[in-house]
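**Student:** A single structure is presented below for examination.
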Amino acid sequence: MNKVILMGRLTRDPEVRYSQGENAMAVARYTLAVDRRVSRNNQNGEPTADFIQCVAFGRSGEFAEKYFRKGMKVVVTGRIQTGSYTNKDGQKVYTTDVVVEDQEFAESKAASQNNGGGFVPADRPSPSDAGDGFMNIPDGIDEELPFN
């Protein structure tokens, strides 16, 4: 089985080209910066990332062209595809791409524009609203709690 699920941020706006011929098809290429878990070798705790090349065809490519922008956090599912070509210097170059089968936003538009950390739904207060990290519970709500 060849299945990949990635969540990361776009390193730049997608590069979109259209295939030649009677039925031109969009081909969008973009790179996702996917955070790694901190390893034992990285003692100072600095975040590290892998930069994964993705390619989306057809409607998925058109969607990426229209809605994806640098810094957005997205989730991509697809498959790994390897290939090779000979460059102009005569050297063989090997490639690895994720061929996108599905792609979606991983955070709200507001969070994406702020390029901030986590997603906080609009109907919930952010953790910074309470100084101790706990959400404030209004007085008089004790009767509604399922435990005493």
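Following the order of the structure tokens, first chain is A, next is B, and so on, with residues numbered from 1 inside each chain and ligands from 1 in the order they appear.
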Find the residues around stretch 51-55 of chain A up to 7 Å (only C-alpha atoms counted), leave out those fewer than 2 positions away in its own chain, and share them as JSON, numbers by chain.

**Tutor:** {"A": [27, 28, 29, 30, 31, 32, 33, 34, 49, 57, 97, 98, 99, 100]}

**Student:** Since we have the selection now, will you write its residues out, keeping N, CA and C atoms, as a CSV table (one decimal), in the first residue's frame?

**Tutor:**
```csv
chain,number,residue,atom,x,y,z
A,27,VAL,N,-1.5,21.6,-13.4
A,27,VAL,CA,-0.5,20.8,-12.6
A,27,VAL,C,0.1,21.8,-11.6
A,28,ALA,N,-0.2,21.6,-10.4
A,28,ALA,CA,0.3,22.5,-9.3
A,28,ALA,C,1.4,21.8,-8.5
A,29,ARG,N,2.5,22.5,-8.3
A,29,ARG,CA,3.6,22.0,-7.5
A,29,ARG,C,3.8,22.9,-6.3
A,30,TYR,N,3.9,22.3,-5.2
A,30,TYR,CA,4.2,23.1,-4.0
A,30,TYR,C,5.0,22.3,-3.0
A,31,THR,N,5.6,22.9,-2.0
A,31,THR,CA,6.5,22.3,-1.0
A,31,THR,C,5.8,22.5,0.3
A,32,LEU,N,5.7,21.4,1.1
A,32,LEU,CA,5.2,21.5,2.5
A,32,LEU,C,6.4,21.4,3.4
A,33,ALA,N,6.4,22.2,4.4
A,33,ALA,CA,7.4,22.1,5.5
A,33,ALA,C,6.6,21.4,6.6
A,34,VAL,N,7.1,20.1,6.9
A,34,VAL,CA,6.4,19.3,7.8
A,34,VAL,C,7.3,19.1,9.0
A,49,ALA,N,12.4,20.5,10.3
A,49,ALA,CA,11.3,20.2,9.4
A,49,ALA,C,11.8,19.4,8.2
A,57,PHE,N,-2.9,17.4,-9.6
A,57,PHE,CA,-3.3,17.4,-11.0
A,57,PHE,C,-4.8,17.8,-11.1
A,97,ASP,N,8.2,12.7,-5.1
A,97,ASP,CA,7.1,13.6,-5.0
A,97,ASP,C,5.9,12.9,-4.3
A,98,VAL,N,5.0,13.7,-3.7
A,98,VAL,CA,3.8,13.1,-3.2
A,98,VAL,C,2.7,13.6,-4.2
A,99,VAL,N,2.1,12.6,-4.9
A,99,VAL,CA,1.0,12.9,-5.8
A,99,VAL,C,-0.3,13.0,-5.0
A,100,VAL,N,-0.8,14.3,-5.0
A,100,VAL,CA,-1.9,14.6,-4.1
A,100,VAL,C,-3.2,13.9,-4.6
```

**Student:** So which bits of stretch 2-66 of chain A end up alpha helix (DSSP H) when you DSSP the backbone, as number ranges by chain?

**Tutor:** A: 59-66

**Student:** For the selection just defined, write its residues with C-alpha atoms to a file, as a CSV table (one decimal), in the first residue's frame.

**Tutor:**
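Result file follows (part-v8.csv):
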```
chain,number,residue,atom,x,y,z
A,59,ARG,CA,-9.2,20.0,-10.2
A,60,SER,CA,-6.9,19.6,-7.2
A,61,GLY,CA,-4.3,21.7,-9.0
A,62,GLU,CA,-6.9,24.4,-9.8
A,63,PHE,CA,-7.9,24.3,-6.1
A,64,ALA,CA,-4.3,24.8,-5.0
A,65,GLU,CA,-3.8,27.6,-7.5
A,66,LYS,CA,-7.0,29.4,-6.3
```

**Student:** Which distance in Å separates atom CA of A:Ala24 and atom CA of A:Gln103, to one decimal?

**Tutor:**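 Here the two named atoms are 21.2 Å from each other.
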
**Student:** Any idea what the distance is between atom CA of A:Met25 and atom CA of A:Leu6?

**Tutor:**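 These atoms are spaced 24.2 Å apart.
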
**Student:** Could you check the closest approach to A:Gln81 for each of A:Tyr94, A:Arg69, A:Asn114, A:Asp102 and tell me which residue wins, using only C-alpha atoms?

**Tutor:** A:Tyr94

**Student:** DSSP on the backbone, strand (DSSP E or B) only: what residues of stretch 20-118 of chain A does that give? Format it as a ChimeraX atom specification.

**Tutor:** /A:26-35,49-57,73-86,92-105

**Student:** Got a sec: who's within 9 Å of A:Tyr85, counting only C-alpha atoms, leaving out chain neighbours fewer than 4 positions off, as a ChimeraX atom specification?

**Tutor:** /A:91-95

**Student:** Can you work out which one of A:Gly71, A:Thr96, A:Glu46, A:Ala56 has the shortest atom-to-atom distance to A:Gly8, counting only C-alpha atoms?

**Tutor:**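 Between A:Gly71, A:Thr96, A:Glu46, A:Ala56, the residue approaching A:Gly8 most closely is A:Gly71.
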
**Student:** From the set A:Lys88, A:Arg17, A:Lys109, A:Arg9, which residue has the shortest atom-to-atom contact distance to A:Met72, counting only C-alpha atoms?

**Tutor:**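 The closest residue to A:Met72 is A:Arg9.
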
**Student:** Give me, please, the distance in Å between atom CA of A:Pro47 and atom CA of A:Phe105, quoted to one decimal.

**Tutor:** 22.1 Å

**Student:** Name the closest residue to A:Ala106 among the candidates A:Ser19, A:Thr82, A:Met7, A:Phe68; distances are taken between atoms, counting only C-alpha atoms.

**Tutor:**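 Nearest candidate to A:Ala106 out of A:Ser19, A:Thr82, A:Met7, A:Phe68: A:Met7.
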